[in-house]
Amino acid sequence: MTRYVWNRELQSFIDPKTELPMDIPDRGVCAPLIQSDITPYMSPLGTGEISGRTQRREDLKRAGCREVDPSEFKPTFKNEKFARKHGLPFEG
């Protein structure tokens with residue numbers, strides 16, 4: 001991760017290694033992303049309560065599991081009438 005420091009002469013943030021200025025995106029606001037922690041839940045693996053992202057990662061690692069990327073999820077539907085009505089894939 002690149003670390004930027006304030007340069008008084010240039011009045012902007014620069015990368016101390018390359019001495020290049022920080023690229024500010026065109027979308028307006030440049031700010032760090034801060035995510036709130038997850039609400040506690042019971043592990044589906046039966047290992048107890050999961051009360052944070054760190055515990056969740058450790059629980060998945062212990063069980064040899066991983067998170068599924070949303071692009072990997074391919075929903076199939078077992079109710080033919082519902083699938084036909086909504087134009088969804090039916091698995092009979």
# chains A, B, ... in the order shown; residues from 1 in each chain; ligands from 1
>>> residues_around(residues="Ser51 (chain A)", least_positions_apart="5", cutoff="9 Å", atoms="only C-alpha atoms", output="PyMOL selection string")
chain A and resi 37-42+56
>>> write_last_selection(atoms="N, CA, C and O atoms", output="short mmCIF file (atom, residue, chain, number, x, y, z; two decimals), in the first residue's frame")
data_model
loop_
_atom_site.label_atom_id
_atom_site.label_comp_id
_atom_site.auth_asym_id
_atom_site.auth_seq_id
_atom_site.Cartn_x
_atom_site.Cartn_y
_atom_site.Cartn_z
N ASP A 37 -18.00 -3.44 11.79
CA ASP A 37 -17.86 -4.85 12.04
C ASP A 37 -19.20 -5.55 11.85
O ASP A 37 -20.25 -4.91 11.86
N ILE A 38 -19.17 -6.85 11.66
CA ILE A 38 -20.41 -7.60 11.43
C ILE A 38 -21.14 -7.83 12.74
O ILE A 38 -20.53 -7.85 13.81
N THR A 39 -22.44 -8.00 12.64
CA THR A 39 -23.23 -8.31 13.84
C THR A 39 -22.99 -9.77 14.22
O THR A 39 -22.83 -10.62 13.34
N PRO A 40 -22.94 -10.07 15.51
CA PRO A 40 -22.67 -11.45 15.94
C PRO A 40 -23.73 -12.43 15.43
O PRO A 40 -24.90 -12.10 15.33
N TYR A 41 -23.27 -13.64 15.07
CA TYR A 41 -24.16 -14.70 14.62
C TYR A 41 -23.58 -16.05 15.01
O TYR A 41 -22.39 -16.15 15.31
N MET A 42 -24.42 -17.08 15.00
CA MET A 42 -23.96 -18.44 15.30
C MET A 42 -23.36 -19.04 14.03
O MET A 42 -23.96 -18.98 12.96
N ARG A 56 -14.54 -14.64 11.94
CA ARG A 56 -15.17 -15.27 10.78
C ARG A 56 -14.11 -15.88 9.86
O ARG A 56 -14.23 -17.02 9.41
#
>>> select_by_dssp(residues="region 4-85 of chain A", states="strand (DSSP E or B)", output="PyMOL selection string")
chain A and resi 5-7+12-14+21+41-42+49-50+77
>>> atom_distance(atom1="CA of Lys74 (chain A)", atom2="CA of Leu45 (chain A)")
22.5 Å
>>> select_by_dssp(residues="chain A", states="helix (DSSP H, G or I)", output="list in words")
Arg53, Thr54, Gln55, Arg56, Arg57, Glu58, Asp59, Leu60, Lys61, Arg62, Ala63, Pro70, Ser71, Glu72, Glu80, Lys81, Phe82, Ala83, Arg84, Lys85 and His86 of chain A
>>> residues_around(residues="Leu60 (chain A)", least_positions_apart="5", cutoff="10 Å", atoms="only C-alpha atoms", output="compact mmCIF listing (two decimals) with N, CA, C and O atoms, in the first residue's frame")
# COMPACT_ATOMS: atom_id res chain seq x y z
N SER A 43 -22.19 -19.62 14.15
CA SER A 43 -21.51 -20.21 13.01
C SER A 43 -22.30 -21.39 12.47
O SER A 43 -22.72 -22.26 13.22
N LEU A 45 -21.08 -23.72 11.00
CA LEU A 45 -20.19 -24.88 11.15
C LEU A 45 -20.28 -25.49 12.54
O LEU A 45 -19.63 -26.49 12.83
N GLN A 55 -12.76 -13.29 13.57
CA GLN A 55 -13.26 -14.61 13.99
C GLN A 55 -13.88 -15.36 12.81
O GLN A 55 -13.74 -16.57 12.70
N CYS A 65 -12.94 -23.81 4.54
CA CYS A 65 -13.95 -23.15 3.69
C CYS A 65 -13.41 -21.82 3.18
O CYS A 65 -12.37 -21.35 3.62
N ARG A 66 -14.14 -21.22 2.29
CA ARG A 66 -13.80 -19.88 1.80
C ARG A 66 -15.09 -19.15 1.45
O ARG A 66 -16.13 -19.77 1.25
N GLU A 67 -14.99 -17.83 1.35
CA GLU A 67 -16.15 -17.04 0.95
C GLU A 67 -16.37 -17.19 -0.55
O GLU A 67 -15.40 -17.28 -1.31
>>> atom_distance(atom1="CA of Lys85 (chain A)", atom2="CA of Val68 (chain A)")
27.7 Å
>>> residues_around(residues="region 14-17 of chain A", least_positions_apart="4", cutoff="7 Å", atoms="only C-alpha atoms", output="VMD selection string")
chain A and resid 3 to 7 21 to 22
>>> closest_residue(among="A:Asp69, A:Phe77, A:Gly87, A:Ser36", to="Arg53 (chain A)", atoms="only C-alpha atoms")
A:Ser36
>>> closest_residue(among="A:Pro70, A:Glu58, A:Ala63, A:Glu19", to="Gly46 (chain A)", atoms="only C-alpha atoms")
A:Ala63
>>> atom_distance(atom1="CA of Phe90 (chain A)", atom2="CA of Glu72 (chain A)")
17.8 Å
>>> closest_residue(among="A:Asp59, A:Ala83, A:Gly64, A:Glu9", to="Pro44 (chain A)", atoms="only C-alpha atoms")
A:Asp59
